[in-house]
Amino acid sequence: MESAVQDNFDFANYAVQVRKTAVSLLSSGFCDSDIAGSMYLLTTAIERDLVRFGEPSESSHVVCGPGCGTCCVLNVDVLLPEAIAIVRFLKKSFSEEILAKLALRLNELQQRTRWMDDEERIFLREPCAFLDDRGYCIIHAVRPLLCRSITSTDSDACREAINMLPLGASPSVEMNLFQKYLLETVYRELAEALKELELDDRPRRLSFAIHSLLDEPKLVDSFLAGRVSRH
């Protein structure tokens, strides 16, 4: 089963406010640091809103934490501002040697999973390239919006669900639905803000987007210039 969503929360109005905020933030972006800063401000505001508007009982029951990684075998889409913020974080946090190894791992993952749907990816059990040897997410501070939307109140049920999906079963996982809907709203409105600004609003697979930006940094300039990348 899934936890209830706050009946009195106005998601439609929240969506309007998110889009206005995203347009304002992205309009001031002239380089990767500006975009990263805009994404930091946006995600900080979202985390604040989760606390402000969410039910305390909902968040207190979430068991997701460092080293779990059970759901980190799912396909995850990102928008380019998210990817740019992640790449900037990686370049500030890790050496060239580590980044080269990461780029190789991202490329290998991309090649293995490129045409896979969600069920096929789960069946393969191919973990996210950003999990370290302990199962910790090395980009947790700047993780994608859709990663932030996924939660679980029972780690065993979460693992069972992942195990059963390839067998055609549809097990349920109790999650914080308010957080799921809020983050999905933000993701959707960020895409609409990009479209309004005539910037590339297409979603990309996480591994593909990060590998592309690491391999070709000038793609950031193309994005800011409003040129649609074919990557």
# chains A, B, ... in the order shown; residues from 1 in each chain; ligands from 1
>>> residues_around(residues="Cys137 (chain A)", least_positions_apart="5", cutoff="8 Å", atoms="only C-alpha atoms", output="PyMOL selection string")
chain A and resi 66-67+69+130-132
>>> select_by_dssp(residues="chain A", states="helix (DSSP H, G or I)", output="PyMOL selection string")
chain A and resi 11-27+32-53+56-60+80-93+96-113+118-124+140-142+145-148+155-167+177-196+206-215+219-224
>>> atom_distance(atom1="CA of Thr151 (chain A)", atom2="CA of Thr113 (chain A)")
23.3 Å
>>> residues_around(residues="region 35-45 of chain A", least_positions_apart="2", cutoff="10 Å", atoms="only C-alpha atoms", output="PDB file with C-alpha atoms, in the first residue's frame")
ATOM      1  CA  VAL A  18       7.684  26.271  -9.351  1.00  0.00           C
ATOM      2  CA  THR A  21      10.774  30.282  -9.941  1.00  0.00           C
ATOM      3  CA  ALA A  22      12.545  28.002 -12.415  1.00  0.00           C
ATOM      4  CA  SER A  24      13.555  33.275 -13.053  1.00  0.00           C
ATOM      5  CA  LEU A  25      16.516  31.199 -11.894  1.00  0.00           C
ATOM      6  CA  LEU A  26      17.413  29.806 -15.313  1.00  0.00           C
ATOM      7  CA  SER A  27      17.124  33.221 -16.943  1.00  0.00           C
ATOM      8  CA  SER A  28      20.155  34.337 -14.943  1.00  0.00           C
ATOM      9  CA  GLY A  29      22.301  31.407 -16.074  1.00  0.00           C
ATOM     10  CA  PHE A  30      25.327  32.265 -18.204  1.00  0.00           C
ATOM     11  CA  CYS A  31      27.650  29.366 -17.346  1.00  0.00           C
ATOM     12  CA  ASP A  32      27.684  25.988 -15.602  1.00  0.00           C
ATOM     13  CA  SER A  33      28.219  27.559 -12.168  1.00  0.00           C
ATOM     14  CA  GLU A  47      13.490  20.162   0.644  1.00  0.00           C
ATOM     15  CA  ARG A  48      12.190  23.014   2.769  1.00  0.00           C
ATOM     16  CA  ASP A  49       8.701  22.612   1.303  1.00  0.00           C
ATOM     17  CA  LEU A  50       8.721  18.878   2.001  1.00  0.00           C
ATOM     18  CA  LEU A  80      20.070  19.149 -18.653  1.00  0.00           C
ATOM     19  CA  PRO A  81      20.219  21.661 -15.759  1.00  0.00           C
ATOM     20  CA  GLU A  82      20.272  18.709 -13.348  1.00  0.00           C
ATOM     21  CA  ALA A  83      23.010  17.001 -15.344  1.00  0.00           C
ATOM     22  CA  ILE A  84      25.084  20.175 -15.544  1.00  0.00           C
ATOM     23  CA  ALA A  85      24.865  20.636 -11.774  1.00  0.00           C
ATOM     24  CA  ILE A  86      25.938  17.022 -11.222  1.00  0.00           C
ATOM     25  CA  VAL A  87      28.941  17.351 -13.551  1.00  0.00           C
ATOM     26  CA  ARG A  88      30.067  20.551 -11.849  1.00  0.00           C
ATOM     27  CA  PHE A  89      29.804  18.815  -8.463  1.00  0.00           C
ATOM     28  CA  ALA A 141      23.866  16.111  -2.534  1.00  0.00           C
ATOM     29  CA  VAL A 142      22.969  16.863  -6.160  1.00  0.00           C
ATOM     30  CA  ARG A 143      20.998  13.709  -7.023  1.00  0.00           C
ATOM     31  CA  PRO A 144      18.274  13.996  -9.690  1.00  0.00           C
ATOM     32  CA  LEU A 145      14.770  15.129  -8.844  1.00  0.00           C
ATOM     33  CA  ARG A 148      14.559  12.244  -4.675  1.00  0.00           C
ATOM     34  CA  LEU A 183       9.162  16.044  -6.818  1.00  0.00           C
ATOM     35  CA  VAL A 186       8.945  20.038  -9.831  1.00  0.00           C
ATOM     36  CA  LEU A 190      11.322  22.530 -14.684  1.00  0.00           C
ATOM     37  CA  VAL A 220      26.862  23.445 -21.785  1.00  0.00           C
ATOM     38  CA  LEU A 224      22.717  28.021 -22.892  1.00  0.00           C
TER      39      LEU A 224
END
>>> residues_around(residues="Cys128 (chain A)", least_positions_apart="3", cutoff="12 Å", atoms="only C-alpha atoms", output="PyMOL selection string")
chain A and resi 69-76+102+105-110+112-113+121-122+124-125+131-133+135-139+143+147+205-208
>>> atom_distance(atom1="CA of Ala12 (chain A)", atom2="CA of Glu192 (chain A)")
13.8 Å
>>> atom_distance(atom1="CA of Val62 (chain A)", atom2="CA of Glu160 (chain A)")
16.6 Å
>>> select_by_dssp(residues="region 48-228 of chain A", states="strand (DSSP E or B)", output="ChimeraX atom specification")
/A:77-78,131,137,204-205
